[in-house]
Amino acid sequence: MRICFMFTALLLASASTATAGELTYQPTDPSFGGDPLNSSHLYQGAEIANTFKDSSLNSLFTQPTAADEFTSALKSALIGGAASQVTNAIFTKGAPSSGMFSLDGATVSYKTVGANVVITVNDGVSTNTLTVPVPPTP
């Protein structure tokens with residue numbers, strides 16, 4: 001019994017001396033107000049932990065070959081020629097007020113609405129619409 005009483009007294013005495021303080025947050029990263037001497041340590045740790053290598057980035061920095069550049073120029077010239085033919089077919093004197101053209105899976109349709117021509121290009125994935133005023137004919 002005496003041991004139980006001493007234990008209870010000791011427990012009460014130690015409980016009354018416990019105090020608590022205010023908790024404050026101290027950031028580690030110097031970007032957010034932490035110790036500036038941590039920056040190189042944190043950066044090195046992040047570099048070591050970063051084991052991901054994006055292989056798709058390599059293709060962004062390779063130089064195109066002469067054949068690639070020629071192919072791109074040829075495609076641009078062919079598309080430009082087709083666009084020129086479509087433009088001539090739409091805006092020549094006596095052209096029909098509506099029509100449709102197909103080019104490599106893309107559909108170009110046009111319709112004259114008042115003083116404007118509404119041109120719609122559909123490539124099977126997206127549709128773009130362009131409204132162009134009818135140019136004066138000589």
# chains A, B, ... in the order shown; residues from 1 in each chain; ligands from 1
>>> residues_around(residues="Asn116 (chain A)", least_positions_apart="2", cutoff="9 Å", atoms="only C-alpha atoms", output="MDAnalysis selection string")
chainID A and resid 111:114 118 131:135
>>> select_by_dssp(residues="region 2-138 of chain A", states="helix (DSSP H, G or I)", output="PyMOL selection string")
chain A and resi 2-16+30-32+36-49+55-60+66-91
>>> write_last_selection(atoms="C-alpha atoms", output="CSV table (one decimal), in the first residue's frame")
chain,number,residue,atom,x,y,z
A,2,ARG,CA,2.8,2.3,0.9
A,3,ILE,CA,4.4,1.7,-2.5
A,4,CYS,CA,1.1,2.5,-4.3
A,5,PHE,CA,0.9,5.8,-2.4
A,6,MET,CA,4.4,6.8,-3.3
A,7,PHE,CA,3.9,5.9,-6.9
A,8,THR,CA,0.7,8.0,-7.0
A,9,ALA,CA,2.5,11.0,-5.3
A,10,LEU,CA,5.4,10.7,-7.7
A,11,LEU,CA,3.0,10.6,-10.7
A,12,LEU,CA,1.2,13.7,-9.5
A,13,ALA,CA,4.4,15.6,-8.9
A,14,SER,CA,5.8,14.8,-12.4
A,15,ALA,CA,2.5,15.6,-14.1
A,16,SER,CA,2.4,19.1,-12.5
A,30,PRO,CA,15.7,28.1,-48.6
A,31,SER,CA,13.2,29.0,-51.3
A,32,PHE,CA,10.5,29.2,-48.6
A,36,PRO,CA,20.3,29.3,-47.1
A,37,LEU,CA,23.1,26.8,-46.4
A,38,ASN,CA,20.7,23.9,-47.2
A,39,SER,CA,20.3,24.8,-50.9
A,40,SER,CA,23.2,22.9,-52.3
A,41,HIS,CA,22.5,19.9,-50.1
A,42,LEU,CA,18.8,19.8,-51.1
A,43,TYR,CA,19.6,20.2,-54.8
A,44,GLN,CA,22.2,17.4,-54.8
A,45,GLY,CA,19.7,15.1,-53.0
A,46,ALA,CA,17.0,15.9,-55.6
A,47,GLU,CA,19.5,15.2,-58.5
A,48,ILE,CA,20.5,11.9,-57.0
A,49,ALA,CA,16.9,10.9,-56.5
A,55,SER,CA,13.9,9.6,-74.0
A,56,SER,CA,11.4,11.7,-76.1
A,57,LEU,CA,13.5,14.8,-75.4
A,58,ASN,CA,16.3,13.5,-77.5
A,59,SER,CA,14.3,13.8,-80.7
A,60,LEU,CA,13.7,17.5,-80.0
A,66,ALA,CA,18.5,17.0,-95.8
A,67,ALA,CA,15.9,14.4,-96.9
A,68,ASP,CA,13.7,15.4,-93.9
A,69,GLU,CA,13.9,19.1,-94.9
A,70,PHE,CA,13.2,18.3,-98.6
A,71,THR,CA,10.2,16.2,-97.7
A,72,SER,CA,8.9,19.0,-95.4
A,73,ALA,CA,9.4,21.6,-98.2
A,74,LEU,CA,7.7,19.4,-100.7
A,75,LYS,CA,4.7,18.8,-98.5
A,76,SER,CA,4.4,22.5,-97.9
A,77,ALA,CA,4.6,23.3,-101.6
A,78,LEU,CA,1.9,20.7,-102.4
A,79,ILE,CA,-0.4,21.9,-99.7
A,80,GLY,CA,0.2,25.5,-100.8
A,81,GLY,CA,-0.7,24.5,-104.4
A,82,ALA,CA,-3.8,22.7,-103.3
A,83,ALA,CA,-4.9,25.7,-101.2
A,84,SER,CA,-4.3,28.0,-104.2
A,85,GLN,CA,-6.5,25.8,-106.5
A,86,VAL,CA,-9.2,25.7,-103.8
A,87,THR,CA,-9.0,29.5,-103.5
A,88,ASN,CA,-9.3,30.0,-107.2
A,89,ALA,CA,-12.2,27.6,-107.4
A,90,ILE,CA,-14.1,29.4,-104.6
A,91,PHE,CA,-13.4,33.0,-105.6
>>> residues_around(residues="Gly105 (chain A)", least_positions_apart="5", cutoff="9 Å", atoms="only C-alpha atoms", output="list in words")
Asn122, Asp123 and Gly124 of chain A
>>> write_last_selection(atoms="C-alpha atoms", output="mmCIF file, in the first residue's frame")
data_model
loop_
_atom_site.group_PDB
_atom_site.id
_atom_site.type_symbol
_atom_site.label_atom_id
_atom_site.label_comp_id
_atom_site.auth_asym_id
_atom_site.auth_seq_id
_atom_site.Cartn_x
_atom_site.Cartn_y
_atom_site.Cartn_z
ATOM 1 C CA ASN A 122 -12.532 18.871 -91.343
ATOM 2 C CA ASP A 123 -9.585 16.492 -91.008
ATOM 3 C CA GLY A 124 -11.504 13.720 -89.256
#
>>> closest_residue(among="A:Pro136, A:Met100, A:Pro27, A:Phe61", to="Thr120 (chain A)", atoms="only C-alpha atoms")
A:Met100
>>> atom_distance(atom1="CA of Ser97 (chain A)", atom2="CA of Tyr110 (chain A)")
7.9 Å
>>> select_by_dssp(residues="chain A", states="strand (DSSP E or B)", output="list in words")
Ser98, Gly99, Met100, Phe101, Ser102, Leu103, Ala106, Thr107, Val108, Ser109, Tyr110, Lys111, Thr112, Val113, Asn116, Val117, Val118, Ile119, Thr120, Val121, Asn122, Thr127, Asn128, Thr129, Leu130, Thr131, Val132 and Pro133 of chain A
>>> decode(residues="region 8-138 of chain A", atoms="C-alpha atoms", output="PDB file, in the first residue's frame")
ATOM      1  CA  THR A   8       0.724   8.037  -6.988  1.00  0.00           C
ATOM      2  CA  ALA A   9       2.505  10.951  -5.306  1.00  0.00           C
ATOM      3  CA  LEU A  10       5.415  10.692  -7.738  1.00  0.00           C
ATOM      4  CA  LEU A  11       3.025  10.564 -10.683  1.00  0.00           C
ATOM      5  CA  LEU A  12       1.164  13.680  -9.513  1.00  0.00           C
ATOM      6  CA  ALA A  13       4.406  15.554  -8.908  1.00  0.00           C
ATOM      7  CA  SER A  14       5.784  14.787 -12.354  1.00  0.00           C
ATOM      8  CA  ALA A  15       2.497  15.646 -14.085  1.00  0.00           C
ATOM      9  CA  SER A  16       2.381  19.083 -12.534  1.00  0.00           C
ATOM     10  CA  THR A  17       5.855  19.978 -13.823  1.00  0.00           C
ATOM     11  CA  ALA A  18       5.076  19.197 -17.488  1.00  0.00           C
ATOM     12  CA  THR A  19       4.733  22.279 -19.671  1.00  0.00           C
ATOM     13  CA  ALA A  20       4.019  22.787 -23.314  1.00  0.00           C
ATOM     14  CA  GLY A  21       5.355  25.401 -25.690  1.00  0.00           C
ATOM     15  CA  GLU A  22       4.069  26.900 -28.914  1.00  0.00           C
ATOM     16  CA  LEU A  23       4.744  24.831 -32.016  1.00  0.00           C
ATOM     17  CA  THR A  24       6.372  26.802 -34.818  1.00  0.00           C
ATOM     18  CA  TYR A  25       7.159  25.643 -38.334  1.00  0.00           C
ATOM     19  CA  GLN A  26      10.709  26.199 -39.557  1.00  0.00           C
ATOM     20  CA  PRO A  27      11.037  25.488 -43.303  1.00  0.00           C
ATOM     21  CA  THR A  28      14.008  23.518 -44.568  1.00  0.00           C
ATOM     22  CA  ASP A  29      13.987  24.702 -48.165  1.00  0.00           C
ATOM     23  CA  PRO A  30      15.694  28.091 -48.620  1.00  0.00           C
ATOM     24  CA  SER A  31      13.169  28.983 -51.329  1.00  0.00           C
ATOM     25  CA  PHE A  32      10.538  29.168 -48.606  1.00  0.00           C
ATOM     26  CA  GLY A  33      12.538  30.959 -45.917  1.00  0.00           C
ATOM     27  CA  GLY A  34      14.705  28.101 -44.657  1.00  0.00           C
ATOM     28  CA  ASP A  35      18.426  28.080 -43.994  1.00  0.00           C
ATOM     29  CA  PRO A  36      20.282  29.271 -47.135  1.00  0.00           C
ATOM     30  CA  LEU A  37      23.084  26.803 -46.430  1.00  0.00           C
ATOM     31  CA  ASN A  38      20.685  23.934 -47.189  1.00  0.00           C
ATOM     32  CA  SER A  39      20.268  24.822 -50.879  1.00  0.00           C
ATOM     33  CA  SER A  40      23.185  22.859 -52.341  1.00  0.00           C
ATOM     34  CA  HIS A  41      22.480  19.891 -50.075  1.00  0.00           C
ATOM     35  CA  LEU A  42      18.799  19.772 -51.104  1.00  0.00           C
ATOM     36  CA  TYR A  43      19.639  20.230 -54.788  1.00  0.00           C
ATOM     37  CA  GLN A  44      22.172  17.388 -54.756  1.00  0.00           C
ATOM     38  CA  GLY A  45      19.705  15.107 -52.999  1.00  0.00           C
ATOM     39  CA  ALA A  46      17.042  15.885 -55.596  1.00  0.00           C
ATOM     40  CA  GLU A  47      19.456  15.240 -58.469  1.00  0.00           C
ATOM     41  CA  ILE A  48      20.490  11.899 -57.002  1.00  0.00           C
ATOM     42  CA  ALA A  49      16.857  10.874 -56.473  1.00  0.00           C
ATOM     43  CA  ASN A  50      15.844  11.895 -60.011  1.00  0.00           C
ATOM     44  CA  THR A  51      16.503   8.751 -62.016  1.00  0.00           C
ATOM     45  CA  PHE A  52      13.848   9.451 -64.692  1.00  0.00           C
ATOM     46  CA  LYS A  53      15.293  10.102 -68.131  1.00  0.00           C
ATOM     47  CA  ASP A  54      12.813  11.238 -70.782  1.00  0.00           C
ATOM     48  CA  SER A  55      13.904   9.637 -74.047  1.00  0.00           C
ATOM     49  CA  SER A  56      11.396  11.680 -76.066  1.00  0.00           C
ATOM     50  CA  LEU A  57      13.454  14.819 -75.370  1.00  0.00           C
ATOM     51  CA  ASN A  58      16.314  13.473 -77.478  1.00  0.00           C
ATOM     52  CA  SER A  59      14.255  13.802 -80.662  1.00  0.00           C
ATOM     53  CA  LEU A  60      13.693  17.505 -79.965  1.00  0.00           C
ATOM     54  CA  PHE A  61      17.381  18.279 -80.215  1.00  0.00           C
ATOM     55  CA  THR A  62      18.381  16.205 -83.237  1.00  0.00           C
ATOM     56  CA  GLN A  63      19.148  17.975 -86.490  1.00  0.00           C
ATOM     57  CA  PRO A  64      16.832  17.084 -89.392  1.00  0.00           C
ATOM     58  CA  THR A  65      18.542  15.457 -92.341  1.00  0.00           C
ATOM     59  CA  ALA A  66      18.509  16.963 -95.811  1.00  0.00           C
ATOM     60  CA  ALA A  67      15.922  14.378 -96.865  1.00  0.00           C
ATOM     61  CA  ASP A  68      13.654  15.393 -93.943  1.00  0.00           C
ATOM     62  CA  GLU A  69      13.927  19.062 -94.890  1.00  0.00           C
ATOM     63  CA  PHE A  70      13.246  18.299 -98.570  1.00  0.00           C
ATOM     64  CA  THR A  71      10.186  16.205 -97.665  1.00  0.00           C
ATOM     65  CA  SER A  72       8.854  18.978 -95.439  1.00  0.00           C
ATOM     66  CA  ALA A  73       9.382  21.602 -98.162  1.00  0.00           C
ATOM     67  CA  LEU A  74       7.698  19.373-100.735  1.00  0.00           C
ATOM     68  CA  LYS A  75       4.676  18.812 -98.487  1.00  0.00           C
ATOM     69  CA  SER A  76       4.387  22.546 -97.878  1.00  0.00           C
ATOM     70  CA  ALA A  77       4.557  23.268-101.612  1.00  0.00           C
ATOM     71  CA  LEU A  78       1.898  20.652-102.424  1.00  0.00           C
ATOM     72  CA  ILE A  79      -0.444  21.893 -99.699  1.00  0.00           C
ATOM     73  CA  GLY A  80       0.155  25.482-100.826  1.00  0.00           C
ATOM     74  CA  GLY A  81      -0.673  24.523-104.425  1.00  0.00           C
ATOM     75  CA  ALA A  82      -3.846  22.740-103.341  1.00  0.00           C
ATOM     76  CA  ALA A  83      -4.858  25.742-101.236  1.00  0.00           C
ATOM     77  CA  SER A  84      -4.271  27.994-104.238  1.00  0.00           C
ATOM     78  CA  GLN A  85      -6.473  25.807-106.452  1.00  0.00           C
ATOM     79  CA  VAL A  86      -9.238  25.737-103.835  1.00  0.00           C
ATOM     80  CA  THR A  87      -9.027  29.514-103.457  1.00  0.00           C
ATOM     81  CA  ASN A  88      -9.273  30.004-107.212  1.00  0.00           C
ATOM     82  CA  ALA A  89     -12.247  27.619-107.418  1.00  0.00           C
ATOM     83  CA  ILE A  90     -14.104  29.429-104.645  1.00  0.00           C
ATOM     84  CA  PHE A  91     -13.427  33.042-105.588  1.00  0.00           C
ATOM     85  CA  THR A  92     -13.413  33.041-109.403  1.00  0.00           C
ATOM     86  CA  LYS A  93     -16.203  34.851-111.191  1.00  0.00           C
ATOM     87  CA  GLY A  94     -19.146  32.544-111.773  1.00  0.00           C
ATOM     88  CA  ALA A  95     -18.019  29.982-109.128  1.00  0.00           C
ATOM     89  CA  PRO A  96     -20.824  27.985-107.489  1.00  0.00           C
ATOM     90  CA  SER A  97     -22.096  29.366-104.180  1.00  0.00           C
ATOM     91  CA  SER A  98     -21.179  26.148-102.336  1.00  0.00           C
ATOM     92  CA  GLY A  99     -18.980  23.140-102.847  1.00  0.00           C
ATOM     93  CA  MET A 100     -16.681  20.545-101.338  1.00  0.00           C
ATOM     94  CA  PHE A 101     -13.093  19.402-101.934  1.00  0.00           C
ATOM     95  CA  SER A 102     -11.230  16.397-100.530  1.00  0.00           C
ATOM     96  CA  LEU A 103      -7.493  16.213 -99.984  1.00  0.00           C
ATOM     97  CA  ASP A 104      -5.802  13.265 -98.274  1.00  0.00           C
ATOM     98  CA  GLY A 105      -8.640  12.561 -95.852  1.00  0.00           C
ATOM     99  CA  ALA A 106      -9.414  16.229 -95.158  1.00  0.00           C
ATOM    100  CA  THR A 107     -12.634  17.780 -96.391  1.00  0.00           C
ATOM    101  CA  VAL A 108     -12.847  21.446 -97.329  1.00  0.00           C
ATOM    102  CA  SER A 109     -16.377  22.733 -97.818  1.00  0.00           C
ATOM    103  CA  TYR A 110     -17.484  26.265 -98.549  1.00  0.00           C
ATOM    104  CA  LYS A 111     -20.727  28.168 -98.730  1.00  0.00           C
ATOM    105  CA  THR A 112     -21.372  31.776 -99.714  1.00  0.00           C
ATOM    106  CA  VAL A 113     -23.486  33.538 -97.093  1.00  0.00           C
ATOM    107  CA  GLY A 114     -24.279  37.135 -98.033  1.00  0.00           C
ATOM    108  CA  ALA A 115     -21.039  39.030 -98.588  1.00  0.00           C
ATOM    109  CA  ASN A 116     -18.935  36.309 -96.876  1.00  0.00           C
ATOM    110  CA  VAL A 117     -17.696  32.836 -97.689  1.00  0.00           C
ATOM    111  CA  VAL A 118     -17.751  30.358 -94.796  1.00  0.00           C
ATOM    112  CA  ILE A 119     -14.989  27.768 -95.264  1.00  0.00           C
ATOM    113  CA  THR A 120     -14.998  24.630 -93.093  1.00  0.00           C
ATOM    114  CA  VAL A 121     -12.001  22.290 -92.934  1.00  0.00           C
ATOM    115  CA  ASN A 122     -12.532  18.871 -91.343  1.00  0.00           C
ATOM    116  CA  ASP A 123      -9.585  16.492 -91.008  1.00  0.00           C
ATOM    117  CA  GLY A 124     -11.504  13.720 -89.256  1.00  0.00           C
ATOM    118  CA  VAL A 125     -10.256  14.807 -85.833  1.00  0.00           C
ATOM    119  CA  SER A 126     -11.104  18.485 -85.635  1.00  0.00           C
ATOM    120  CA  THR A 127     -13.149  21.019 -87.568  1.00  0.00           C
ATOM    121  CA  ASN A 128     -12.017  24.575 -88.262  1.00  0.00           C
ATOM    122  CA  THR A 129     -14.294  27.250 -89.650  1.00  0.00           C
ATOM    123  CA  LEU A 130     -13.122  30.427 -91.357  1.00  0.00           C
ATOM    124  CA  THR A 131     -15.324  33.289 -92.508  1.00  0.00           C
ATOM    125  CA  VAL A 132     -13.825  35.356 -95.330  1.00  0.00           C
ATOM    126  CA  PRO A 133     -15.366  38.377 -97.043  1.00  0.00           C
ATOM    127  CA  VAL A 134     -15.893  37.896-100.764  1.00  0.00           C
ATOM    128  CA  PRO A 135     -13.175  39.881-102.553  1.00  0.00           C
ATOM    129  CA  PRO A 136     -14.324  42.294-105.248  1.00  0.00           C
ATOM    130  CA  THR A 137     -14.037  40.875-108.756  1.00  0.00           C
ATOM    131  CA  PRO A 138     -12.423  43.001-111.474  1.00  0.00           C
TER     132      PRO A 138
END
